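Here's model08.txt, which has compact mmCIF, C-alpha atoms:
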```
# COMPACT_ATOMS: atom_id res chain seq x y z
CA MET A 1 -144.88 -92.89 -52.68
CA ASP A 2 -144.64 -91.22 -49.26
CA TYR A 3 -140.94 -90.53 -48.86
CA LYS A 4 -139.33 -90.18 -45.43
CA ALA A 5 -136.34 -88.20 -46.67
CA MET A 6 -134.43 -87.16 -49.80
CA VAL A 7 -130.82 -87.67 -50.92
CA ILE A 8 -129.69 -85.24 -53.63
CA MET A 9 -126.37 -85.93 -55.32
CA ASP A 10 -124.37 -84.27 -58.05
CA LEU A 11 -123.09 -86.57 -60.79
CA ASP A 12 -119.75 -85.72 -62.45
CA GLY A 13 -116.86 -85.78 -60.00
CA THR A 14 -119.20 -86.63 -57.12
CA ILE A 15 -120.51 -90.14 -57.75
CA LEU A 16 -119.23 -90.50 -61.33
CA PRO A 17 -115.42 -90.20 -61.54
CA ARG A 18 -113.96 -88.56 -64.61
CA LYS A 19 -113.15 -91.33 -67.12
CA GLY A 20 -114.39 -93.88 -64.58
CA LYS A 21 -117.55 -95.62 -63.44
CA ILE A 22 -119.79 -95.53 -60.40
CA ASP A 23 -118.73 -97.85 -57.60
CA GLU A 24 -120.90 -100.96 -57.12
CA ARG A 25 -121.26 -100.09 -53.43
CA ASP A 26 -122.94 -96.84 -54.46
CA PHE A 27 -125.46 -98.80 -56.53
CA GLU A 28 -126.12 -101.03 -53.52
CA ILE A 29 -126.81 -98.12 -51.21
CA LEU A 30 -129.05 -96.42 -53.78
CA ASN A 31 -131.13 -99.60 -53.98
CA MET A 32 -131.23 -99.70 -50.18
CA LEU A 33 -132.57 -96.12 -50.12
CA LYS A 34 -135.48 -97.22 -52.31
CA ARG A 35 -136.39 -99.97 -49.86
CA GLU A 36 -136.27 -97.44 -47.02
CA LYS A 37 -138.56 -95.02 -48.92
CA ILE A 38 -135.89 -92.34 -49.27
CA CYS A 39 -136.18 -90.31 -52.48
CA ARG A 40 -133.09 -90.54 -54.69
CA VAL A 41 -132.33 -87.44 -56.77
CA VAL A 42 -129.46 -86.61 -59.10
CA ALA A 43 -128.92 -82.86 -59.60
CA THR A 44 -126.61 -82.38 -62.57
CA GLY A 45 -125.53 -79.82 -65.12
CA ARG A 46 -126.05 -82.44 -67.84
CA SER A 47 -129.09 -82.54 -70.11
CA VAL A 48 -131.36 -85.59 -70.01
CA PHE A 49 -129.77 -86.78 -73.26
CA SER A 50 -126.26 -86.46 -71.84
CA PHE A 51 -127.26 -88.18 -68.60
CA ASN A 52 -128.76 -91.09 -70.52
CA ARG A 53 -125.69 -91.37 -72.72
CA ALA A 54 -123.45 -91.56 -69.65
CA LEU A 55 -125.49 -93.88 -67.42
CA GLY A 56 -128.38 -95.33 -69.39
CA ASN A 57 -132.05 -95.55 -68.63
CA GLY A 58 -131.76 -98.04 -65.79
CA PHE A 59 -129.89 -95.92 -63.26
CA PRO A 60 -131.52 -96.28 -59.79
CA LEU A 61 -133.05 -92.91 -58.98
CA ASP A 62 -136.47 -91.33 -58.59
CA TYR A 63 -136.04 -87.80 -59.97
CA LEU A 64 -133.51 -86.11 -62.21
CA ILE A 65 -132.84 -82.40 -61.74
CA PHE A 66 -131.01 -81.59 -64.97
CA SER A 67 -129.31 -78.64 -66.65
CA SER A 68 -128.44 -77.14 -63.25
CA GLY A 69 -132.10 -76.92 -62.23
CA ALA A 70 -133.67 -75.79 -65.50
CA GLY A 71 -135.75 -78.98 -65.62
CA ILE A 72 -136.94 -81.87 -63.45
CA LEU A 73 -137.88 -85.32 -64.73
CA ASN A 74 -139.81 -88.04 -62.93
CA TRP A 75 -137.34 -90.79 -63.70
CA LYS A 76 -139.83 -93.65 -63.47
CA THR A 77 -142.59 -92.16 -65.63
CA LYS A 78 -140.28 -89.88 -67.70
CA GLU A 79 -142.74 -87.04 -67.09
CA LEU A 80 -141.29 -83.54 -67.25
CA ILE A 81 -142.64 -81.86 -64.11
CA TYR A 82 -140.72 -78.57 -64.17
CA SER A 83 -138.89 -76.44 -66.74
CA GLN A 84 -137.57 -72.91 -67.18
CA GLY A 85 -135.84 -71.08 -70.02
CA LEU A 86 -134.82 -67.85 -71.73
CA LYS A 87 -137.23 -65.91 -73.94
CA SER A 88 -136.32 -64.98 -77.52
CA ASP A 89 -135.64 -61.34 -76.73
CA GLU A 90 -133.33 -62.38 -73.90
CA THR A 91 -131.30 -64.73 -76.09
CA GLN A 92 -130.85 -62.02 -78.72
CA ALA A 93 -129.69 -59.46 -76.15
CA ILE A 94 -127.29 -61.88 -74.43
CA ALA A 95 -125.81 -63.09 -77.73
CA LYS A 96 -125.27 -59.51 -78.91
CA LYS A 97 -123.25 -58.63 -75.81
CA LEU A 98 -121.15 -61.80 -76.04
CA TRP A 99 -120.52 -61.13 -79.71
CA LEU A 100 -119.34 -57.59 -79.00
CA GLU A 101 -116.89 -58.93 -76.40
CA LYS A 102 -115.72 -61.67 -78.80
CA LEU A 103 -116.60 -64.39 -76.28
CA SER A 104 -117.29 -67.72 -77.97
CA PHE A 105 -120.57 -69.21 -76.83
CA ALA A 106 -123.10 -71.99 -77.25
CA VAL A 107 -126.82 -71.33 -76.90
CA HIS A 108 -128.91 -74.39 -76.13
CA LYS A 109 -132.38 -75.10 -77.43
CA PRO A 110 -135.31 -75.10 -74.98
CA ILE A 111 -136.11 -78.19 -72.94
CA PRO A 112 -136.62 -81.03 -73.91
CA ASP A 113 -134.23 -80.49 -76.86
CA ASN A 114 -131.51 -78.69 -74.92
CA HIS A 115 -128.84 -81.19 -75.95
CA LYS A 116 -129.03 -79.37 -79.31
CA TYR A 117 -127.33 -76.01 -79.65
CA LEU A 118 -125.98 -73.26 -81.86
CA TYR A 119 -122.45 -71.99 -81.33
CA ALA A 120 -120.38 -68.98 -82.30
CA ASP A 121 -116.61 -69.49 -82.28
CA LEU A 122 -115.40 -65.91 -81.97
CA ASN A 123 -111.90 -66.28 -80.54
CA ASN A 124 -110.74 -69.78 -81.53
CA ILE A 125 -108.66 -70.27 -78.39
CA MET A 126 -110.34 -73.02 -76.34
CA PRO A 127 -109.60 -76.67 -77.21
CA ASP A 128 -112.33 -77.74 -74.79
CA PHE A 129 -114.88 -75.68 -76.75
CA HIS A 130 -113.82 -77.33 -80.02
CA TYR A 131 -113.77 -80.81 -78.51
CA ARG A 132 -117.29 -80.36 -77.16
CA ASN A 133 -118.54 -79.32 -80.60
CA GLU A 134 -116.93 -82.41 -82.10
CA LEU A 135 -118.43 -84.63 -79.40
CA TYR A 136 -121.92 -83.28 -80.10
CA SER A 137 -121.40 -82.66 -83.80
CA GLU A 138 -124.75 -84.17 -84.79
CA PHE A 139 -126.53 -81.73 -82.47
CA ALA A 140 -124.34 -78.61 -82.82
CA LYS A 141 -124.63 -76.05 -85.60
CA PRO A 142 -122.48 -72.93 -86.12
CA VAL A 143 -123.98 -69.46 -86.27
CA GLU A 144 -121.90 -66.85 -88.06
CA ASN A 145 -124.29 -63.90 -88.23
CA PRO A 146 -124.64 -61.77 -85.08
CA GLU A 147 -128.14 -60.81 -86.23
CA ALA A 148 -129.32 -64.42 -86.61
CA GLU A 149 -132.61 -65.25 -84.90
CA LEU A 150 -131.83 -67.63 -82.04
CA GLY A 151 -135.30 -68.11 -80.59
CA GLU A 152 -136.01 -69.31 -77.09
CA ALA A 153 -133.27 -71.14 -75.22
CA CYS A 154 -132.46 -73.12 -72.11
CA GLN A 155 -129.04 -71.56 -71.42
CA PHE A 156 -125.80 -70.09 -72.74
CA LEU A 157 -122.37 -71.63 -72.22
CA ILE A 158 -118.98 -69.88 -72.35
CA ILE A 159 -115.76 -71.90 -71.90
CA SER A 160 -112.55 -70.28 -70.67
CA LYS A 161 -109.20 -71.09 -69.11
CA LYS A 162 -108.72 -70.92 -65.35
CA ASP A 163 -107.65 -67.62 -63.78
CA THR A 164 -108.51 -65.50 -66.83
CA GLY A 165 -111.33 -63.59 -65.14
CA ILE A 166 -113.82 -64.50 -67.89
CA HIS A 167 -116.33 -65.96 -65.44
CA ASP A 168 -116.32 -62.80 -63.32
CA LYS A 169 -116.56 -60.70 -66.45
CA VAL A 170 -119.63 -62.57 -67.67
CA SER A 171 -121.20 -62.33 -64.21
CA GLY A 172 -120.76 -58.57 -64.32
CA MET A 173 -122.23 -58.36 -67.81
CA PHE A 174 -125.47 -60.09 -66.86
CA PRO A 175 -126.48 -59.12 -63.31
CA GLY A 176 -130.13 -60.09 -63.83
CA TYR A 177 -129.32 -63.74 -64.52
CA HIS A 178 -128.01 -66.73 -62.61
CA ILE A 179 -124.41 -67.24 -63.71
CA VAL A 180 -123.17 -70.74 -62.91
CA ARG A 181 -119.53 -71.78 -62.74
CA SER A 182 -118.40 -75.39 -63.06
CA THR A 183 -115.28 -77.32 -63.98
CA SER A 184 -115.33 -78.91 -67.42
CA PRO A 185 -116.34 -82.59 -67.28
CA LEU A 186 -114.35 -83.05 -70.51
CA ASP A 187 -110.82 -81.85 -69.75
CA GLY A 188 -111.24 -81.41 -65.99
CA GLU A 189 -109.59 -77.97 -66.10
CA SER A 190 -111.49 -75.43 -68.19
CA VAL A 191 -114.07 -73.16 -66.58
CA TRP A 192 -117.62 -73.50 -67.86
CA THR A 193 -119.75 -70.40 -67.34
CA GLU A 194 -123.46 -70.87 -67.94
CA ILE A 195 -126.13 -68.20 -68.15
CA PHE A 196 -129.59 -69.15 -66.89
CA PRO A 197 -132.73 -67.25 -65.90
CA SER A 198 -132.45 -65.91 -62.36
CA CYS A 199 -134.95 -68.53 -61.14
CA VAL A 200 -132.81 -71.49 -62.24
CA SER A 201 -130.43 -73.26 -59.86
CA LYS A 202 -129.98 -76.63 -58.23
CA ARG A 203 -131.39 -75.03 -55.11
CA THR A 204 -134.63 -73.80 -56.66
CA GLY A 205 -135.17 -77.10 -58.46
CA SER A 206 -134.62 -79.04 -55.24
CA SER A 207 -136.88 -76.70 -53.28
CA PHE A 208 -139.64 -77.21 -55.83
CA LEU A 209 -139.25 -80.97 -55.53
CA ILE A 210 -139.39 -81.22 -51.73
CA SER A 211 -142.48 -79.00 -51.72
CA LYS A 212 -144.15 -81.24 -54.31
CA LEU A 213 -143.29 -84.39 -52.33
CA ASP A 214 -143.94 -82.82 -48.90
CA ILE A 215 -140.50 -83.62 -47.51
CA PRO A 216 -139.17 -81.29 -44.79
CA LEU A 217 -135.86 -79.56 -45.46
CA SER A 218 -134.44 -81.09 -42.27
CA ASN A 219 -134.76 -84.51 -43.93
CA VAL A 220 -132.74 -83.58 -47.02
CA MET A 221 -129.12 -84.52 -47.67
CA ALA A 222 -127.03 -82.96 -50.45
CA LEU A 223 -123.69 -84.12 -51.86
CA GLY A 224 -121.60 -82.17 -54.37
CA ASN A 225 -118.08 -81.42 -55.56
CA ASP A 226 -117.95 -78.16 -57.52
CA TYR A 227 -118.93 -74.50 -57.66
CA ASN A 228 -122.24 -75.22 -59.41
CA ASP A 229 -123.31 -77.15 -56.29
CA ILE A 230 -122.96 -74.21 -53.91
CA THR A 231 -126.61 -73.07 -54.04
CA LEU A 232 -127.70 -76.64 -53.27
CA LEU A 233 -125.15 -77.17 -50.47
CA ASP A 234 -125.97 -73.83 -48.82
CA TRP A 235 -129.69 -74.64 -48.91
CA ALA A 236 -129.70 -78.21 -47.61
CA GLU A 237 -129.46 -78.68 -43.84
CA ASN A 238 -127.28 -81.77 -44.25
CA SER A 239 -124.57 -80.99 -46.80
CA PHE A 240 -121.43 -82.91 -47.73
CA ILE A 241 -118.71 -82.52 -50.31
CA VAL A 242 -116.36 -85.14 -51.69
CA TYR A 243 -112.64 -85.00 -50.99
CA ASN A 244 -111.62 -84.30 -54.60
CA SER A 245 -113.42 -80.91 -54.56
CA PRO A 246 -111.62 -77.53 -54.77
CA ASP A 247 -109.86 -76.60 -51.52
CA GLU A 248 -112.01 -73.56 -50.84
CA LEU A 249 -115.13 -75.73 -50.94
CA CYS A 250 -113.58 -78.40 -48.72
CA GLU A 251 -112.94 -75.68 -46.14
CA LYS A 252 -116.59 -74.65 -46.20
CA TYR A 253 -118.49 -77.97 -46.15
CA GLU A 254 -118.23 -81.32 -44.39
CA VAL A 255 -115.88 -83.56 -46.37
CA VAL A 256 -116.41 -87.26 -47.13
CA GLY A 257 -114.52 -89.77 -49.31
CA ASP A 258 -113.78 -88.87 -52.91
CA ASP A 259 -115.62 -89.73 -56.11
CA GLU A 260 -113.67 -92.97 -56.56
CA ASN A 261 -114.03 -94.20 -52.98
CA THR A 262 -117.75 -94.18 -52.20
CA GLY A 263 -118.05 -90.70 -50.78
CA LEU A 264 -121.77 -91.18 -51.36
CA CYS A 265 -121.94 -94.14 -48.97
CA GLU A 266 -120.05 -92.26 -46.27
CA ALA A 267 -122.30 -89.21 -46.59
CA ILE A 268 -125.49 -91.30 -46.42
CA TYR A 269 -124.32 -93.17 -43.31
CA ARG A 270 -123.39 -89.91 -41.59
CA PHE A 271 -126.77 -88.49 -42.56
CA ASN A 272 -128.55 -91.47 -41.04
CA GLU A 273 -126.49 -91.26 -37.84
CA ARG A 274 -127.89 -87.76 -37.33
CA MET A 275 -131.45 -88.35 -38.48
CA ASP A 276 -132.04 -92.05 -37.63
CA ILE A 277 -134.19 -92.40 -40.74
CA TRP A 278 -133.86 -96.17 -41.12
```
Re-express the file's structure as structure tokens.
Amino acid sequence: MDYKAMVIMDLDGTILPRKGKIDERDFEILNMLKREKICRVVATGRSVFSFNRALGNGFPLDYLIFSSGAGILNWKTKELIYSQGLKSDETQAIAKKLWLEKLSFAVHKPIPDNHKYLYADLNNIMPDFHYRNELYSEFAKPVENPEAELGEACQFLIISKKDTGIHDKVSGMFPGYHIVRSTSPLDGESVWTEIFPSCVSKRTGSSFLISKLDIPLSNVMALGNDYNDITLLDWAENSFIVYNSPDELCEKYEVVGDDENTGLCEAIYRFNERMDIW
């Protein structure tokens, strides 16, 4: 399909409220975008498995940028068109440093199996870490030996409390990687710090996609709500953030309605007022 424009939206806390459901008006406008030949993209930190478990296979979109840009799926054909990951020697080196600092971590298998992971519980202080392992118990296995062979991976995840400095510490430990911060979609408070290859971000995934589909950057709209959306929001020429986002992000980007009150619809209508796409 020859698309006229692209709408890229984050999922959790942006169009999907925590412990809620997507507004029917958002479904209506997503179906309208299809009729107007506007490419619909979700850019999420979730894996494909997690996305499917939350929304099912029938969600109205064209492409899924998942795991914060580590992979891209053609939603209609289910073809994986892009993927990145960590090599075996990288996973061993990263795990060794985290182990020495006694930072509990999860290391996720390569795409397409990155909903499966190994974890090391080294400090036993984060309820959100334990709850996540229970939630994914059939896919999560403990690793107790710091010398265990981990193999290739998609990413690492460290969970910490707010204002503890753990995220900044991890960022300083791994300057050659892309360190992503997000708010836990489980308890809505904990800080999730993810370690990806330097080439992985929502921005690089989105840039790859518009190049593949030959859509100019001026015809791209992005909508987010959290720190892991910053690369995407800074890149897109038409960026919006929902009202329930952190204050420092609301001060930086154009604010629309919140995740429970069709912020998506408001952003799309503002986008069209500027671009006159349909």
Report summary line: Atom pair CA of Trp235 (chain A) + CA of His167 (chain A), distance 23.0 Å
Query raised in the report: For Glu138 (chain A), which residue out of A:Leu98, A:Leu16, A:Val170, A:Leu118 is the nearest one, using only C-alpha atoms?
Result: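 So, comparing all the options, the nearest one is A:Leu118.
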**Report entry** Ref. answer, residues at most 12 Å from (-127.4, -69.5, -58.4) with all atoms listed in the file, as number ranges by chain
**Finding:** A: 68-70, 171, 175-182, 193-205, 227-235
Requested in this report: Find the residues near Phe105 (chain A): any atom within 12 Å, counting all atoms listed in the file, skip ones fewer than 2 places away on the same chain, and give them as a VMD selection string.
Outcome: chain A and resid 91 94 to 103 107 to 108 117 to 124 126 129 to 130 132 to 133 140 to 144 146 155 to 160 170 192 to 195
**Report entry** All residues 9 Å or closer to Arg40 (chain A), only C-alpha atoms, same chain fewer than 3 positions away omitted, as number ranges by chain
**Finding:** A: 5-9, 30, 33-34, 60-64
Using all atoms listed in the file, what table do you get, as a Markdown table, when you list each residue of region 36-112 of chain A with an atom no more than 12 Å from region 20-23 of chain A, its nearest pair of atoms, and their distance in Å rounded to one decimal, rows by chain then rising number?
```
| residue | atom | partner | partner_atom | distance |
| --- | --- | --- | --- | --- |
| A:Ala54 | CA | A:Lys21 | CA | 9.5 |
| A:Leu55 | CA | A:Lys21 | CA | 9.1 |
| A:Phe59 | CA | A:Ile22 | CA | 10.5 |
| A:Pro60 | CA | A:Ile22 | CA | 11.8 |
```
Requested in this report: Identify, on the basis of all atoms listed in the file, every residue whose closest approach to Thr262 (chain A) does not exceed 9 Å; exclude the query and any residue fewer than 6 positions from it along the same chain; express the result as a list in words.
Outcome: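 Near Thr262 (chain A), the qualifying residues are Ile15, Ile22, Asp23, Glu24, Arg25, Asp26 and Val256 of chain A.
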Report task. In Å, rounded to a single decimal, give me how far CA of Asn52 (chain A) is from CA of Leu213 (chain A). Result ->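 It comes out at 24.2 Å.
Between Asp187 (chain A) and the residues A:Leu217, A:Thr44, A:Asp128, A:Thr14, the shortest atom-to-atom distance, using only C-alpha atoms, involves A:Asp128.
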Requested in this report: Identify the residues around (-112.5, -74.6, -65.9) within a radius of 7 Å, measuring from all atoms listed in the file in the coordinates stated by the file, and give them as a list of chain:residue names.
Outcome: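 Those residues, ordered by chain and then number, are A:Ser160, A:Lys161, A:Lys162, A:Ser182, A:Thr183, A:Ser184, A:Gly188, A:Glu189, A:Ser190, A:Val191, A:Trp192.
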Taking all atoms of region 27-43 of chain A that the file lists and extending 5 Å past them on each side, where is the centre of the axis-aligned box and how long are its edges? Answer in Å to one decimal, as JSON.
```
{"center_x": -132.0, "center_y": -91.9, "center_z": -53.3, "size_x": 23.1, "size_y": 28.2, "size_z": 22.6}
```
**Report entry** Best match for closeness to Lys212 (chain A) among A:Tyr253, A:Phe66, A:Tyr82, A:Tyr269, counting all atoms listed in the file
**Finding:**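 Residue with the minimum atom-to-atom distance to Lys212 (chain A): A:Tyr82.
Take the candidates A:Lys4, A:Arg18, A:Arg270, A:Arg46 and check each one against Ser67 (chain A) using all atoms listed in the file; the shortest distance goes to A:Arg46.
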Query raised in the report: Quick one: of A:Cys250, A:Ile72, A:Ala267, A:Leu209, who's nearest to Asp226 (chain A), counting all atoms listed in the file?
Result: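 Nearest to Asp226 (chain A): A:Cys250.
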Query raised in the report: For Lys78 (chain A), which of A:Gly224, A:Pro246, A:Pro112, A:Gly45 is the closest residue, counting all atoms listed in the file?
Result: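 Going through A:Gly224, A:Pro246, A:Pro112, A:Gly45 one by one, the smallest distance to Lys78 (chain A) is for A:Pro112.
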**Report entry** Atom-to-atom span, CA of Leu249 (chain A) and CA of Ile210 (chain A), Å
**Finding:** 24.9 Å
Query - Selection: 10 Å around Ile277 (chain A), only C-alpha atoms, excl. self and same-chain fewer than 6 positions, as a PyMOL selection string - result: chain A and resi 4-5+36-38+219+271
